[in-house]
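Notes for the one structure printed next.
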Amino acid sequence: MHLKLYGNGSEDFRLFIHHKRGNILLKTSRVLDREARSEYLLSVGLCCQTCGSESVVFDVASVKVDVLDTNDHEPTFRSADTVHITLHDTTALRSVVYRLEAVDADSGKNAELTYISKPKNGSFYVVPKTGEVLLVDSILGLPFKVQFCVYARDHGWPPLTSKGVLVTIAPQRWAMRSVEFWGSRKSGRSPRALLDADTLISLNVSEDASIGSVITSLSPTRFQSAAYELIYPESERSPVTVGRDSGDITIARRLDRETEPLVELTVKIQDKRGVLSILLLILHLN
């Protein structure tokens, strides 16, 4: 009579009896892969030397083997190796401009991911837990593309890091035509009359945006010492303020999409040379 291991997958293990203590030992006969199989339900039976391959006299014990995970798979991204984004340079700050998603074939903490970006830049931030790419600083008038790589790193030991995804963001500049302030005044035209000739900018803003948050900045790099002034509506009725020196559009009171789904703003921009531009902004609340 001898002990025999049987059941689905029993060939992955070998059964031994300790020659001194009489303990039953179970050893693997090959490398196990949790991703291929995470559990074995086996039985130990007593049989004779001449019994068939599946014949036993009686069962001695039932054995359940749980295969633990080792960190043997690096994260991989669902997207391509390169991502190209064309972004309007008046996009509201804190907007999600893209989201990268990676997967890991491991389980548990070995499959939990953190997203990182290199090199660091001041305009965009990658949220470590979600992979969302946020606009955190104004790109208005930015004359060059912003490039950075995003990686996913798991929480296993040792931690494994994915191959990088190269993200290229090209700011699309809004064209603003300027007119000579003094020349316009001589012709008898008021600043409000210039609205027909100037640029219209449309922004999408969440009604949940907090008071004091900057939704965009009107300070282009091509202006030197420009001054910004909100012409319409009056400051007492406007839900936002305009920074005189910075051009930042800042939320001044709670926004409500149901009562005011559309906010129209007229901003005067004047540089130190006396060049005047009138800008019309429309904020769409969502």
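Please note that chains go A, B, ... in the order of the structure tokens, that every chain numbers its residues from 1, and that ligands are numbered from 1 in the order shown.
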Selection: 9 Å around Thr266 in chain A, only C-alpha atoms, excl. self and same-chain fewer than 2 positions, as JSON, numbers by chain: {"A": [192, 195, 229, 230, 231, 232, 233, 264, 268, 278, 279, 280, 281, 282]}
For the structure I just gave you, how does DSSP split range 20-267 of chain A - specifically, which residues are strand (DSSP E)? Reply as a VMD selection string. chain A and resid 24 to 28 39 to 47 58 to 66 76 to 77 82 to 88 96 to 99 102 to 103 113 to 118 124 to 126 132 to 135 146 to 154 165 to 172 179 to 180 200 to 205 214 to 217 227 to 232 240 to 242 248 to 251 262 to 267
Identify which of the residues A:Thr130, A:Ser107, A:Ser43, A:Ser10 lies closest to Ser29 in chain A, counting only C-alpha atoms when measuring atom-to-atom distances.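 The closest residue to Ser29 in chain A is A:Ser10.
Residues of range 28-272 of chain A assigned to alpha helix (DSSP H) by DSSP on this structure's backbone: Phe181, Trp182, Gly183, Ser184, Arg185 and Lys186 of chain A.
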Kindly give the distance, in Å, that separates CA of Pro143 in chain A and CA of Leu285 in chain A, rounded to a single decimal.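 Going from CA of Pro143 in chain A over to CA of Leu285 in chain A, I get 28.9 Å.
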Excluding same-chain residues fewer than 4 positions from Arg153 in chain A, what lies within 9 Å of it counting only C-alpha atoms, as a ChimeraX atom specification? /A:74-75,112-116,159-162
For those residues, write all heavy atoms to a file as an mmCIF file, in the first residue's frame.
data_model
loop_
_atom_site.group_PDB
_atom_site.id
_atom_site.type_symbol
_atom_site.label_atom_id
_atom_site.label_comp_id
_atom_site.auth_asym_id
_atom_site.auth_seq_id
_atom_site.Cartn_x
_atom_site.Cartn_y
_atom_site.Cartn_z
ATOM 1 N N GLU A 74 5.287 43.369 -15.620
ATOM 2 C CA GLU A 74 5.369 44.828 -15.569
ATOM 3 C C GLU A 74 4.105 45.441 -16.160
ATOM 4 O O GLU A 74 3.449 44.827 -17.023
ATOM 5 C CB GLU A 74 6.596 45.339 -16.310
ATOM 6 C CG GLU A 74 6.560 45.164 -17.809
ATOM 7 C CD GLU A 74 7.791 45.730 -18.483
ATOM 8 O OE1 GLU A 74 8.857 45.796 -17.833
ATOM 9 O OE2 GLU A 74 7.692 46.110 -19.667
ATOM 10 N N PRO A 75 3.713 46.627 -15.693
ATOM 11 C CA PRO A 75 2.509 47.276 -16.235
ATOM 12 C C PRO A 75 2.678 47.588 -17.722
ATOM 13 O O PRO A 75 3.795 47.820 -18.207
ATOM 14 C CB PRO A 75 2.390 48.561 -15.402
ATOM 15 C CG PRO A 75 3.227 48.321 -14.180
ATOM 16 C CD PRO A 75 4.336 47.424 -14.622
ATOM 17 N N GLU A 112 -1.578 47.123 -8.206
ATOM 18 C CA GLU A 112 -1.905 48.513 -7.923
ATOM 19 C C GLU A 112 -0.844 49.414 -8.552
ATOM 20 O O GLU A 112 0.356 49.169 -8.417
ATOM 21 C CB GLU A 112 -1.981 48.757 -6.416
ATOM 22 C CG GLU A 112 -3.110 47.996 -5.740
ATOM 23 C CD GLU A 112 -3.145 48.234 -4.239
ATOM 24 O OE1 GLU A 112 -2.382 49.113 -3.762
ATOM 25 O OE2 GLU A 112 -3.920 47.552 -3.545
ATOM 26 N N LEU A 113 -1.305 50.468 -9.251
ATOM 27 C CA LEU A 113 -0.393 51.277 -10.053
ATOM 28 C C LEU A 113 -0.336 52.726 -9.598
ATOM 29 O O LEU A 113 -1.313 53.265 -9.073
ATOM 30 C CB LEU A 113 -0.817 51.231 -11.528
ATOM 31 C CG LEU A 113 -0.909 49.846 -12.173
ATOM 32 C CD1 LEU A 113 -1.394 49.960 -13.601
ATOM 33 C CD2 LEU A 113 0.425 49.120 -12.112
ATOM 34 N N THR A 114 0.797 53.333 -9.812
ATOM 35 C CA THR A 114 1.002 54.761 -9.615
ATOM 36 C C THR A 114 1.576 55.325 -10.907
ATOM 37 O O THR A 114 2.505 54.740 -11.485
ATOM 38 C CB THR A 114 1.959 55.043 -8.447
ATOM 39 O OG1 THR A 114 1.365 54.587 -7.231
ATOM 40 C CG2 THR A 114 2.241 56.538 -8.327
ATOM 41 N N TYR A 115 1.032 56.465 -11.346
ATOM 42 C CA TYR A 115 1.482 57.082 -12.593
ATOM 43 C C TYR A 115 2.436 58.229 -12.272
ATOM 44 O O TYR A 115 2.190 59.028 -11.365
ATOM 45 C CB TYR A 115 0.287 57.604 -13.392
ATOM 46 C CG TYR A 115 -0.671 56.512 -13.822
ATOM 47 C CD1 TYR A 115 -1.738 56.141 -13.011
ATOM 48 C CD2 TYR A 115 -0.503 55.844 -15.032
ATOM 49 C CE1 TYR A 115 -2.616 55.135 -13.392
ATOM 50 C CE2 TYR A 115 -1.376 54.839 -15.421
ATOM 51 C CZ TYR A 115 -2.431 54.487 -14.593
ATOM 52 O OH TYR A 115 -3.297 53.496 -14.965
ATOM 53 N N ILE A 116 3.519 58.303 -13.015
ATOM 54 C CA ILE A 116 4.519 59.352 -12.830
ATOM 55 C C ILE A 116 4.884 59.919 -14.198
ATOM 56 O O ILE A 116 4.728 59.253 -15.225
ATOM 57 C CB ILE A 116 5.784 58.823 -12.119
ATOM 58 C CG1 ILE A 116 6.365 57.624 -12.891
ATOM 59 C CG2 ILE A 116 5.488 58.448 -10.686
ATOM 60 C CD1 ILE A 116 7.638 57.075 -12.304
ATOM 61 N N PRO A 159 9.440 46.732 -7.194
ATOM 62 C CA PRO A 159 8.463 47.385 -8.077
ATOM 63 C C PRO A 159 8.912 47.341 -9.531
ATOM 64 O O PRO A 159 10.103 47.474 -9.824
ATOM 65 C CB PRO A 159 8.419 48.822 -7.537
ATOM 66 C CG PRO A 159 9.721 49.004 -6.830
ATOM 67 C CD PRO A 159 10.086 47.677 -6.269
ATOM 68 N N LEU A 160 7.952 47.157 -10.416
ATOM 69 C CA LEU A 160 8.233 47.117 -11.849
ATOM 70 C C LEU A 160 7.610 48.339 -12.516
ATOM 71 O O LEU A 160 6.515 48.770 -12.148
ATOM 72 C CB LEU A 160 7.679 45.833 -12.475
ATOM 73 C CG LEU A 160 8.247 44.520 -11.925
ATOM 74 C CD1 LEU A 160 7.585 43.332 -12.607
ATOM 75 C CD2 LEU A 160 9.751 44.459 -12.098
ATOM 76 N N THR A 161 8.307 48.876 -13.492
ATOM 77 C CA THR A 161 7.862 50.092 -14.183
ATOM 78 C C THR A 161 7.637 49.791 -15.659
ATOM 79 O O THR A 161 8.410 49.068 -16.284
ATOM 80 C CB THR A 161 8.902 51.212 -14.035
ATOM 81 O OG1 THR A 161 9.148 51.455 -12.646
ATOM 82 C CG2 THR A 161 8.408 52.506 -14.683
ATOM 83 N N SER A 162 6.573 50.372 -16.194
ATOM 84 C CA SER A 162 6.234 50.168 -17.598
ATOM 85 C C SER A 162 7.177 50.940 -18.507
ATOM 86 O O SER A 162 7.968 51.778 -18.064
ATOM 87 C CB SER A 162 4.803 50.641 -17.862
ATOM 88 O OG SER A 162 4.747 52.062 -17.782
#
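The shortest atom-to-atom distance to Arg244 in chain A, with only C-alpha atoms taken into account, belongs to A:Ser217 out of A:Pro128, A:Val44, A:Ser217, A:Thr70.
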Non-local contacts of range 256-260 of chain A (8 Å; only C-alpha atoms; under 3 positions in same chain excluded) as number ranges by chain: A: 207, 263, 285-286
Gln147 in chain A environment, 10 Å, only C-alpha atoms, sequence neighbours closer than 6 positions dropped, as a ChimeraX atom specification: /A:83-84,118-121,124,166-170
At a cut-off of 6 Å, using only C-alpha atoms, what residues contact range 235-241 of chain A? Leave out same-chain residues fewer than 4 positions from it and give the result as a PDB file with all heavy atoms, in the first residue's frame.
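Result file follows (part_18.pdb):
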ATOM      1  N   ILE A 249      -8.531  84.872 -14.767  1.00  0.00           N
ATOM      2  CA  ILE A 249      -9.979  84.857 -14.594  1.00  0.00           C
ATOM      3  C   ILE A 249     -10.270  83.978 -13.382  1.00  0.00           C
ATOM      4  O   ILE A 249     -10.064  82.762 -13.419  1.00  0.00           O
ATOM      5  CB  ILE A 249     -10.691  84.300 -15.839  1.00  0.00           C
ATOM      6  CG1 ILE A 249     -10.256  85.071 -17.095  1.00  0.00           C
ATOM      7  CG2 ILE A 249     -12.202  84.366 -15.659  1.00  0.00           C
ATOM      8  CD1 ILE A 249     -10.655  86.520 -17.081  1.00  0.00           C
ATOM      9  N   THR A 250     -10.723  84.598 -12.305  1.00  0.00           N
ATOM     10  CA  THR A 250     -10.898  83.911 -11.027  1.00  0.00           C
ATOM     11  C   THR A 250     -12.366  83.894 -10.627  1.00  0.00           C
ATOM     12  O   THR A 250     -13.057  84.913 -10.741  1.00  0.00           O
ATOM     13  CB  THR A 250     -10.073  84.597  -9.919  1.00  0.00           C
ATOM     14  OG1 THR A 250      -8.699  84.694 -10.348  1.00  0.00           O
ATOM     15  CG2 THR A 250     -10.142  83.816  -8.623  1.00  0.00           C
ATOM     16  N   ILE A 251     -12.832  82.748 -10.151  1.00  0.00           N
ATOM     17  CA  ILE A 251     -14.225  82.622  -9.718  1.00  0.00           C
ATOM     18  C   ILE A 251     -14.424  83.392  -8.418  1.00  0.00           C
ATOM     19  O   ILE A 251     -13.699  83.184  -7.437  1.00  0.00           O
ATOM     20  CB  ILE A 251     -14.611  81.147  -9.541  1.00  0.00           C
ATOM     21  CG1 ILE A 251     -14.528  80.439 -10.894  1.00  0.00           C
ATOM     22  CG2 ILE A 251     -15.999  81.002  -8.946  1.00  0.00           C
ATOM     23  CD1 ILE A 251     -14.838  78.967 -10.834  1.00  0.00           C
ATOM     24  N   ALA A 252     -15.434  84.283  -8.415  1.00  0.00           N
ATOM     25  CA  ALA A 252     -15.679  85.139  -7.259  1.00  0.00           C
ATOM     26  C   ALA A 252     -16.884  84.683  -6.438  1.00  0.00           C
ATOM     27  O   ALA A 252     -16.999  85.035  -5.268  1.00  0.00           O
ATOM     28  CB  ALA A 252     -15.887  86.588  -7.710  1.00  0.00           C
ATOM     29  N   ARG A 253     -17.794  83.945  -7.034  1.00  0.00           N
ATOM     30  CA  ARG A 253     -18.958  83.439  -6.291  1.00  0.00           C
ATOM     31  C   ARG A 253     -19.373  82.099  -6.877  1.00  0.00           C
ATOM     32  O   ARG A 253     -18.902  81.691  -7.933  1.00  0.00           O
ATOM     33  CB  ARG A 253     -20.114  84.438  -6.343  1.00  0.00           C
ATOM     34  CG  ARG A 253     -20.640  84.755  -7.740  1.00  0.00           C
ATOM     35  CD  ARG A 253     -21.877  85.625  -7.656  1.00  0.00           C
ATOM     36  NE  ARG A 253     -22.324  86.131  -8.948  1.00  0.00           N
ATOM     37  CZ  ARG A 253     -23.047  85.443  -9.821  1.00  0.00           C
ATOM     38  NH1 ARG A 253     -23.408  84.188  -9.537  1.00  0.00           N
ATOM     39  NH2 ARG A 253     -23.414  85.984 -10.974  1.00  0.00           N
TER      40      ARG A 253
END
